[in-house]
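*Asks:* Submitted below is the structure of interest, expressed as structure tokens.
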There are 2 protein chains.
Amino acid sequence: MLSKKTKYGIKALTYLARQEQNVPVSIATISEMENISLKFLESILLTLRKSGLLGSKKGKGGGYYLLKNPKDIKMTTVMRVLEGPIAMIPCVSLNYYEKCDDCPTETECAVHLLMIRVRDSNLKIYGETSLADLINY
Amino acid sequence: MLSKKTKYGIKALTYLARQEQNVPVSIATISEMENISLKFLESILLTLRKSGLLGSKKGKGGGYYLLKNPKDIKMTTVMRVLEGPIAMIPCVSLNYYEKCDDCPTETECAVHLLMIRVRDSNLKIYGETSLADLINY
DNA sequence: TTTTAACCCTATAGATTTAGTAGGGTATCG
DNA sequence: CGATACCCTACTAAATCTATAGGGTTAAAA
């Protein structure tokens with residue numbers, strides 16, 4: 001299951017991507033427009049800023065804004081920042097690999113084999129989808 | 001992330017699928033061979049039996065066995081039984097659909113759009129992979 | 001018929017993760 | 001200076017996961 005954190009994070013990013021000019025938008029505005037709890041959203045946007053996807057401006061007229069063009073923000077990055085590894089199991093993760101305790105040889109593991117297929121297919125989708133692709137409805 | 005329950009369940013199913021004859025195999029045997037906690041495995045096999053994938057035989061010489069040919073057991077079924085919905089979010093689930101609280105119109109939701117793509121691609125993989133496909137390593 | 005192997009089933013508990021909430025601190029603009 | 005808005009840490013309630021406990025039932029073999 002996708003966490004609310006990821007869901008809200010993507011909604012916030014697309015809200016910012018839809019702005020005509022790239023001026024700062026306050027947490028409060030995004031919170032209202034997208035129906036997201038203000039304090040929860042605050043912590044999500046903080047994560048996105050620390051990851052390098054968003055910039056922020058403090059004080060009156062401040063808020064968050066995208067640091068890159070929406071078409072240059074791949075969902076692979078967004079998902080890794082918000083949801084964590086794209087692989088469904090550590091033994092097939094490219095960035096967070098970890099051996100299974102219970103498998104003597106992972107090439108013989110059915111789960112391993114299946115999850116490699118799932119990982120590759122999901123990586124393909126996230127890799128060829130950008131923020132810009134998600135706002136053209 | 002894939003739960004241990006699903007992981008162990010798939011490993012148990014493939015263990016049964018690898019048997020030459022379809023004779024009952026005890027929980028204890030599978031537990032030892034696949035390094036899975038006996039009691040945890042017991043509850044997983046119970047789930048698989050109740051879902052109609054496995055049959056069981058009580059008493060001495062008893063155990064669990066597949067009710068169908070491995071090539072006729074699609075991973076779509078296995079995943080739904082063990083892990084639950086294949087969709088990553090209820091608003092794109094075919095079998096467990098639920099509307100999001102925060103979305104006025106879901107056709108305009110970026111998350112919805114993205115997760116439909118992910119769901120379809122995963123459904124395709126699970127649909128064209130059978131238990132038999134996973135034991136040919 | 002008694003013993004033993006093996007599944008049946010419910011309840012519970014500890015650990016972890018999720019989804020927030022609280023509350024004060026800091027920077028900026030007018 | 002004071003209002004606005006982000007910064008950051010800590011905490012908590014609820015849910016989920018990963019088992020474990022323990023007794024009950026069935027069936028085959030001695």
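Labels for the structure tokens follow display order: chains A, B, ..., residues from 1 in each chain, ligands from 1.
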Could you build a table of the residues in chain C lying no more than 7 Å from chain B, giving for each the nearest pair of atoms and their separation in Å rounded to one decimal place, using only C-alpha atoms (C1' of nucleotides), ordered by chain and ascending residue number, as JSON lines?
*Replies:*
```
{"residue": "C:DA5", "atom": "C1'", "partner": "B:Lys60", "partner_atom": "CA", "distance": 4.5}
{"residue": "C:DA6", "atom": "C1'", "partner": "B:Gly59", "partner_atom": "CA", "distance": 4.7}
{"residue": "C:DC7", "atom": "C1'", "partner": "B:Lys58", "partner_atom": "CA", "distance": 5.1}
```
*Asks:* How would the residues just picked look written out with N, CA and C atoms (P, O5', C5', C4', C3', O3' and C1' of nucleotides) as a PDB file, in the first residue's frame?
*Replies:*
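Now in again_33.pdb:
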```pdb
ATOM      1  P    DA C   5       5.036 -39.235  17.258  1.00  0.00           P
ATOM      2  O5'  DA C   5       4.747 -38.789  15.755  1.00  0.00           O
ATOM      3  C5'  DA C   5       4.295 -39.751  14.808  1.00  0.00           C
ATOM      4  C4'  DA C   5       3.272 -39.103  13.884  1.00  0.00           C
ATOM      5  C3'  DA C   5       3.634 -37.693  13.435  1.00  0.00           C
ATOM      6  O3'  DA C   5       3.490 -37.636  12.023  1.00  0.00           O
ATOM      7  C1'  DA C   5       1.450 -37.719  14.358  1.00  0.00           C
ATOM      8  P    DA C   6       4.193 -36.466  11.198  1.00  0.00           P
ATOM      9  O5'  DA C   6       3.014 -35.411  11.054  1.00  0.00           O
ATOM     10  C5'  DA C   6       1.873 -35.759  10.281  1.00  0.00           C
ATOM     11  C4'  DA C   6       0.733 -34.821  10.580  1.00  0.00           C
ATOM     12  C3'  DA C   6       1.087 -33.336  10.597  1.00  0.00           C
ATOM     13  O3'  DA C   6       0.513 -32.682   9.476  1.00  0.00           O
ATOM     14  C1'  DA C   6      -0.457 -33.915  12.287  1.00  0.00           C
ATOM     15  P    DC C   7       0.710 -31.094   9.265  1.00  0.00           P
ATOM     16  O5'  DC C   7      -0.800 -30.603   9.329  1.00  0.00           O
ATOM     17  C5'  DC C   7      -1.745 -31.194   8.477  1.00  0.00           C
ATOM     18  C4'  DC C   7      -3.143 -31.042   9.062  1.00  0.00           C
ATOM     19  C3'  DC C   7      -3.695 -29.619   9.007  1.00  0.00           C
ATOM     20  O3'  DC C   7      -5.088 -29.684   8.676  1.00  0.00           O
ATOM     21  C1'  DC C   7      -3.723 -30.397  11.220  1.00  0.00           C
TER      22       DC C   7
END
```
*Asks:* Using backbone DSSP assignments, extract all strand (DSSP E) residues from stretch 23-91 of chain A; output them as an NGL selection string.
*Replies:* :A and (54-57 or 63-66)
*Asks:* How many Å separate atom CA of B:Ile44 from atom CA of B:Ile10?
*Replies:*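 Separation between atom CA of B:Ile44 and atom CA of B:Ile10: 10.0 Å.
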*Asks:* Considering only helix (DSSP H, G or I) as DSSP defines it on the backbone, what residues of stretch 5-102 of chain B qualify? List them as a PyMOL selection string.
*Replies:* chain B and resi 5-17+27-34+38-50+70-72+75-82+90-92
*Asks:* Using only C-alpha atoms, what does the table of chain B residues within 6 Å of chain A look like, with each row giving the shortest atom pair and its distance in Å to one decimal, sorted by chain and ascending number, as a tab-separated table?
*Replies:*
```
residue	atom	partner	partner_atom	distance
B:Met1	CA	A:Met88	CA	4.3
B:Leu2	CA	A:Met88	CA	5.2
B:Asn35	CA	A:Asp102	CA	5.4
B:Met88	CA	A:Met1	CA	4.4
B:Ile89	CA	A:Leu2	CA	5.9
B:Asp102	CA	A:Asn35	CA	5.3
B:Ala110	CA	A:Leu134	CA	5.1
B:Leu134	CA	A:Ala110	CA	5.1
```
*Asks:* Keeping only all heavy atoms, write those residues as a CSV table (one decimal), in the first residue's frame.
*Replies:*
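Okay, selection_12.csv is ready:
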```
chain,number,residue,atom,x,y,z
B,1,MET,N,6.2,-2.7,0.6
B,1,MET,CA,7.0,-3.8,1.0
B,1,MET,C,6.1,-5.1,1.1
B,1,MET,O,5.0,-5.0,1.5
B,1,MET,CB,7.7,-3.6,2.4
B,1,MET,CG,9.0,-2.8,2.3
B,1,MET,SD,10.3,-3.7,1.5
B,1,MET,CE,11.3,-2.4,0.9
B,2,LEU,N,6.7,-6.2,0.6
B,2,LEU,CA,6.1,-7.5,0.7
B,2,LEU,C,6.1,-8.0,2.1
B,2,LEU,O,7.2,-7.9,2.8
B,2,LEU,CB,6.8,-8.4,-0.2
B,2,LEU,CG,6.1,-9.7,-0.7
B,2,LEU,CD1,5.0,-9.3,-1.7
B,2,LEU,CD2,7.0,-10.7,-1.2
B,35,ASN,N,13.2,-22.8,6.1
B,35,ASN,CA,13.6,-21.9,7.2
B,35,ASN,C,12.5,-20.9,7.6
B,35,ASN,O,12.7,-19.7,7.7
B,35,ASN,CB,14.8,-21.1,6.8
B,35,ASN,CG,16.0,-22.0,6.5
B,35,ASN,OD1,16.4,-22.9,7.3
B,35,ASN,ND2,16.5,-21.9,5.3
B,88,MET,N,-2.0,-0.3,-5.3
B,88,MET,CA,-1.3,0.4,-4.2
B,88,MET,C,-2.1,1.4,-3.4
B,88,MET,O,-1.7,1.9,-2.4
B,88,MET,CB,0.0,1.0,-4.7
B,88,MET,CG,1.1,0.0,-5.1
B,88,MET,SD,2.6,0.9,-5.5
B,88,MET,CE,3.2,1.3,-3.8
B,89,ILE,N,-3.3,1.6,-3.9
B,89,ILE,CA,-4.2,2.6,-3.3
B,89,ILE,C,-5.7,2.2,-3.6
B,89,ILE,O,-6.0,1.8,-4.7
B,89,ILE,CB,-3.9,4.0,-3.8
B,89,ILE,CG1,-4.5,5.1,-2.9
B,89,ILE,CG2,-4.2,4.3,-5.2
B,89,ILE,CD1,-3.9,6.5,-3.1
B,102,ASP,N,-10.0,12.8,0.3
B,102,ASP,CA,-9.4,14.1,0.0
B,102,ASP,C,-9.6,14.5,-1.5
B,102,ASP,O,-9.3,15.6,-1.8
B,102,ASP,CB,-8.0,14.2,0.4
B,102,ASP,CG,-7.2,13.0,-0.2
B,102,ASP,OD1,-7.6,11.9,-0.1
B,102,ASP,OD2,-6.1,13.2,-0.7
B,110,ALA,N,-3.4,13.2,-9.7
B,110,ALA,CA,-2.1,12.7,-10.2
B,110,ALA,C,-1.8,11.3,-9.7
B,110,ALA,O,-1.3,10.4,-10.4
B,110,ALA,CB,-1.0,13.7,-9.9
B,134,LEU,N,7.6,-20.2,-11.7
B,134,LEU,CA,8.6,-19.8,-10.7
B,134,LEU,C,9.5,-20.9,-10.2
B,134,LEU,O,10.4,-20.7,-9.5
B,134,LEU,CB,7.8,-19.2,-9.4
B,134,LEU,CG,7.1,-17.9,-9.7
B,134,LEU,CD1,6.4,-17.4,-8.4
B,134,LEU,CD2,8.0,-16.8,-10.2
```
*Asks:* Any idea which chain D residues end up within 10 Å of chain A if we count only C-alpha atoms (C1' of nucleotides), as a JSON list (two decimals) with N, CA, C and O atoms (P, O5', C5', C4', C3', O3' and C1' of nucleotides), in the first residue's frame please?
*Replies:*
```json
[["chain", "number", "residue", "atom", "x", "y", "z"],
["D", 3, "DA", "P", 0.65, 41.59, 15.71],
["D", 3, "DA", "O5'", 0.12, 40.88, 14.38],
["D", 3, "DA", "C5'", 0.17, 41.61, 13.16],
["D", 3, "DA", "C4'", 0.83, 40.81, 12.06],
["D", 3, "DA", "C3'", 0.36, 39.35, 11.95],
["D", 3, "DA", "O3'", -0.07, 39.15, 10.61],
["D", 3, "DA", "C1'", 2.72, 39.48, 11.82],
["D", 4, "DT", "P", -0.95, 37.86, 10.22],
["D", 4, "DT", "O5'", 0.08, 37.09, 9.25],
["D", 4, "DT", "C5'", 0.70, 37.80, 8.18],
["D", 4, "DT", "C4'", 1.87, 36.99, 7.68],
["D", 4, "DT", "C3'", 1.55, 35.51, 7.44],
["D", 4, "DT", "O3'", 1.90, 35.20, 6.10],
["D", 4, "DT", "C1'", 3.57, 35.76, 8.65],
["D", 5, "DA", "P", 1.21, 33.96, 5.37],
["D", 5, "DA", "O5'", 2.39, 32.91, 5.45],
["D", 5, "DA", "C5'", 3.64, 33.21, 4.83],
["D", 5, "DA", "C4'", 4.71, 32.31, 5.38],
["D", 5, "DA", "C3'", 4.30, 30.83, 5.54],
["D", 5, "DA", "O3'", 5.16, 30.00, 4.81],
["D", 5, "DA", "C1'", 5.48, 31.60, 7.42],
["D", 6, "DC", "P", 4.94, 28.41, 4.70],
["D", 6, "DC", "O5'", 6.40, 27.90, 5.05],
["D", 6, "DC", "C5'", 7.49, 28.39, 4.31],
["D", 6, "DC", "C4'", 8.75, 28.38, 5.15],
["D", 6, "DC", "C3'", 9.31, 26.97, 5.44],
["D", 6, "DC", "O3'", 10.73, 27.03, 5.35],
["D", 6, "DC", "C1'", 8.93, 28.09, 7.46],
["D", 7, "DC", "P", 11.62, 25.70, 5.65],
["D", 7, "DC", "O5'", 11.84, 25.80, 7.23],
["D", 7, "DC", "C5'", 12.91, 26.58, 7.73],
["D", 7, "DC", "C4'", 13.38, 26.03, 9.08],
["D", 7, "DC", "C3'", 13.70, 24.53, 9.07],
["D", 7, "DC", "O3'", 14.97, 24.35, 9.68],
["D", 7, "DC", "C1'", 12.15, 25.03, 10.80],
["D", 8, "DC", "P", 15.73, 22.98, 9.50],
["D", 8, "DC", "O5'", 15.25, 22.21, 10.80],
["D", 8, "DC", "C5'", 15.47, 22.80, 12.09],
["D", 8, "DC", "C4'", 14.77, 21.99, 13.15],
["D", 8, "DC", "C3'", 14.83, 20.48, 12.92],
["D", 8, "DC", "O3'", 15.77, 19.95, 13.84],
["D", 8, "DC", "C1'", 12.72, 21.22, 13.77]]
```
*Asks:* Excluding same-chain residues fewer than 6 positions from D:DT20, what lies within 12 Å of it counting only C-alpha atoms (C1' of nucleotides), as a list in words?
*Replies:* Ser37, Leu38, Lys39, Phe40, Leu41, Glu42 and Ser43 of chain B; DA11, DT12, DA13 and DG14 of chain C
*Asks:* Go ahead and write the residues just picked, all heavy atoms, as a compact mmCIF listing (two decimals), in the first residue's frame.
*Replies:*
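Written out: result.txt:
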```txt
# COMPACT_ATOMS: atom_id res chain seq x y z
N SER B 37 9.46 -20.15 10.56
CA SER B 37 8.93 -20.49 11.88
C SER B 37 7.70 -21.36 11.75
O SER B 37 6.76 -21.05 11.01
CB SER B 37 8.59 -19.21 12.64
OG SER B 37 7.39 -19.36 13.37
N LEU B 38 7.69 -22.49 12.48
CA LEU B 38 6.63 -23.49 12.32
C LEU B 38 5.23 -22.95 12.58
O LEU B 38 4.31 -23.13 11.77
CB LEU B 38 6.90 -24.67 13.24
CG LEU B 38 6.00 -25.88 12.98
CD1 LEU B 38 6.82 -27.13 12.76
CD2 LEU B 38 5.02 -26.08 14.11
N LYS B 39 5.06 -22.25 13.67
CA LYS B 39 3.72 -21.76 14.02
C LYS B 39 3.23 -20.68 13.05
O LYS B 39 2.04 -20.60 12.74
CB LYS B 39 3.70 -21.24 15.46
CG LYS B 39 3.83 -22.31 16.51
CD LYS B 39 2.69 -23.34 16.46
CE LYS B 39 1.53 -22.98 17.36
NZ LYS B 39 0.44 -23.97 17.29
N PHE B 40 4.15 -19.85 12.63
CA PHE B 40 3.78 -18.79 11.67
C PHE B 40 3.37 -19.43 10.35
O PHE B 40 2.32 -19.09 9.76
CB PHE B 40 4.96 -17.85 11.47
CG PHE B 40 4.62 -16.57 10.75
CD1 PHE B 40 3.32 -16.09 10.70
CD2 PHE B 40 5.61 -15.84 10.12
CE1 PHE B 40 3.01 -14.90 10.04
CE2 PHE B 40 5.32 -14.65 9.46
CZ PHE B 40 4.01 -14.19 9.42
N LEU B 41 4.15 -20.41 9.93
CA LEU B 41 3.84 -21.12 8.69
C LEU B 41 2.49 -21.81 8.80
O LEU B 41 1.71 -21.82 7.85
CB LEU B 41 4.93 -22.14 8.38
CG LEU B 41 4.75 -22.96 7.11
CD1 LEU B 41 4.70 -22.07 5.87
CD2 LEU B 41 5.86 -23.99 6.96
N GLU B 42 2.21 -22.36 9.96
CA GLU B 42 0.93 -23.05 10.18
C GLU B 42 -0.24 -22.12 9.87
O GLU B 42 -1.18 -22.50 9.17
CB GLU B 42 0.86 -23.53 11.64
CG GLU B 42 -0.37 -24.37 11.93
CD GLU B 42 -0.41 -24.86 13.37
OE1 GLU B 42 0.57 -24.64 14.12
OE2 GLU B 42 -1.42 -25.47 13.76
N SER B 43 -0.16 -20.90 10.39
CA SER B 43 -1.26 -19.96 10.16
C SER B 43 -1.35 -19.52 8.70
O SER B 43 -2.44 -19.26 8.17
CB SER B 43 -1.11 -18.75 11.08
OG SER B 43 -0.06 -17.92 10.65
P DA C 11 -11.31 -15.68 19.87
OP1 DA C 11 -12.60 -15.45 20.55
OP2 DA C 11 -11.01 -14.96 18.61
O5' DA C 11 -10.12 -15.43 20.88
C5' DA C 11 -9.70 -16.47 21.78
C4' DA C 11 -8.37 -16.09 22.41
O4' DA C 11 -7.28 -16.55 21.57
C3' DA C 11 -8.17 -14.58 22.60
O3' DA C 11 -7.65 -14.35 23.90
C2' DA C 11 -7.17 -14.21 21.51
C1' DA C 11 -6.35 -15.50 21.39
N9 DA C 11 -5.71 -15.69 20.10
C8 DA C 11 -6.28 -15.58 18.85
N7 DA C 11 -5.44 -15.82 17.86
C5 DA C 11 -4.24 -16.10 18.50
C6 DA C 11 -2.98 -16.44 18.02
N6 DA C 11 -2.68 -16.55 16.72
N1 DA C 11 -1.99 -16.67 18.92
C2 DA C 11 -2.28 -16.56 20.22
N3 DA C 11 -3.44 -16.25 20.80
C4 DA C 11 -4.39 -16.03 19.87
P DT C 12 -7.56 -12.85 24.50
OP1 DT C 12 -8.06 -12.91 25.88
OP2 DT C 12 -8.11 -11.89 23.52
O5' DT C 12 -5.97 -12.65 24.56
C5' DT C 12 -5.13 -13.76 24.91
C4' DT C 12 -3.69 -13.44 24.54
O4' DT C 12 -3.44 -13.75 23.14
C3' DT C 12 -3.32 -11.96 24.72
O3' DT C 12 -2.09 -11.91 25.43
C2' DT C 12 -3.17 -11.46 23.29
C1' DT C 12 -2.65 -12.71 22.59
N1 DT C 12 -2.79 -12.76 21.11
C2 DT C 12 -1.70 -13.15 20.36
O2 DT C 12 -0.63 -13.46 20.85
N3 DT C 12 -1.92 -13.18 19.01
C4 DT C 12 -3.09 -12.85 18.34
O4 DT C 12 -3.16 -12.92 17.12
C5 DT C 12 -4.18 -12.43 19.18
C7 DT C 12 -5.50 -12.04 18.56
C6 DT C 12 -3.99 -12.41 20.51
P DA C 13 -1.69 -10.60 26.26
OP1 DA C 13 -2.17 -10.72 27.64
OP2 DA C 13 -2.07 -9.41 25.45
O5' DA C 13 -0.09 -10.69 26.26
C5' DA C 13 0.56 -11.75 25.60
C4' DA C 13 1.72 -11.22 24.79
O4' DA C 13 1.40 -11.32 23.38
C3' DA C 13 2.06 -9.74 25.04
O3' DA C 13 3.47 -9.62 25.01
C2' DA C 13 1.42 -9.04 23.85
C1' DA C 13 1.66 -10.08 22.76
N9 DA C 13 0.77 -9.99 21.60
C8 DA C 13 -0.56 -9.71 21.56
N7 DA C 13 -1.08 -9.72 20.35
C5 DA C 13 0.00 -10.03 19.54
C6 DA C 13 0.12 -10.19 18.14
N6 DA C 13 -0.90 -10.06 17.30
N1 DA C 13 1.34 -10.50 17.65
C2 DA C 13 2.36 -10.64 18.51
N3 DA C 13 2.37 -10.52 19.83
C4 DA C 13 1.14 -10.20 20.30
P DG C 14 4.20 -8.52 25.90
OP1 DG C 14 4.63 -9.19 27.14
OP2 DG C 14 3.35 -7.31 25.95
O5' DG C 14 5.48 -8.21 25.02
C5' DG C 14 6.20 -9.26 24.38
C4' DG C 14 6.77 -8.78 23.07
O4' DG C 14 5.73 -8.75 22.06
C3' DG C 14 7.36 -7.37 23.14
O3' DG C 14 8.64 -7.41 22.52
C2' DG C 14 6.36 -6.51 22.36
C1' DG C 14 5.78 -7.52 21.37
N9 DG C 14 4.42 -7.25 20.89
C8 DG C 14 3.32 -6.91 21.63
N7 DG C 14 2.23 -6.75 20.92
C5 DG C 14 2.64 -7.00 19.62
C6 DG C 14 1.91 -6.98 18.40
O6 DG C 14 0.72 -6.74 18.22
N1 DG C 14 2.72 -7.30 17.32
C2 DG C 14 4.06 -7.60 17.40
N2 DG C 14 4.68 -7.87 16.26
N3 DG C 14 4.75 -7.62 18.52
C4 DG C 14 3.98 -7.31 19.60
```
*Asks:* Tell me, as JSON, numbers by chain, which residues lie within 12 Å of D:DG24, counting only C-alpha atoms (C1' of nucleotides); anything in the same chain fewer than 2 positions away does not count.
*Replies:* {"C": [7, 8, 9, 10], "D": [22, 26]}
*Asks:* Write out as a ChimeraX atom specification the residues lying within 12 Å of D:DT9, counting only C-alpha atoms (C1' of nucleotides) and excluding same-chain residues fewer than 6 positions away.
*Replies:* /A:43 /C:22-25
*Asks:* Convert the current residue selection to file output with N, CA and C atoms (P, O5', C5', C4', C3', O3' and C1' of nucleotides), as a short mmCIF file (atom, residue, chain, number, x, y, z; two decimals), in the first residue's frame.
*Replies:*
```cif
data_model
loop_
_atom_site.label_atom_id
_atom_site.label_comp_id
_atom_site.auth_asym_id
_atom_site.auth_seq_id
_atom_site.Cartn_x
_atom_site.Cartn_y
_atom_site.Cartn_z
N SER A 43 5.47 18.49 7.60
CA SER A 43 6.59 17.56 7.75
C SER A 43 6.94 16.90 6.41
P DA C 22 -2.94 18.83 18.93
"O5'" DA C 22 -1.61 19.15 19.73
"C5'" DA C 22 -0.73 18.08 20.12
"C4'" DA C 22 0.40 18.65 20.96
"C3'" DA C 22 0.30 20.14 21.24
"O3'" DA C 22 0.80 20.37 22.55
"C1'" DA C 22 2.27 19.71 19.97
P DG C 23 0.60 21.81 23.23
"O5'" DG C 23 2.04 22.45 22.99
"C5'" DG C 23 3.21 21.67 23.22
"C4'" DG C 23 4.41 22.45 22.75
"C3'" DG C 23 4.20 23.97 22.77
"O3'" DG C 23 5.35 24.59 23.31
"C1'" DG C 23 4.99 23.31 20.67
P DG C 24 5.17 26.07 24.01
"O5'" DG C 24 6.63 26.69 23.84
"C5'" DG C 24 7.75 25.82 23.94
"C4'" DG C 24 8.59 25.94 22.70
"C3'" DG C 24 9.15 27.36 22.43
"O3'" DG C 24 10.55 27.33 22.59
"C1'" DG C 24 8.46 26.25 20.46
P DG C 25 11.39 28.68 22.47
"O5'" DG C 25 12.02 28.54 21.00
"C5'" DG C 25 12.86 27.42 20.69
"C4'" DG C 25 13.39 27.55 19.27
"C3'" DG C 25 14.00 28.92 18.95
"O3'" DG C 25 15.23 28.75 18.26
"C1'" DG C 25 12.30 28.40 17.39
#
```
*Asks:* I need the residue nearest B:Val92 from this list: B:Leu53, B:Lys68, B:Asp120, B:Asn22. Use only C-alpha atoms for the distance.
*Replies:*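 Of the candidates, the smallest distance to B:Val92 is held by B:Asp120.
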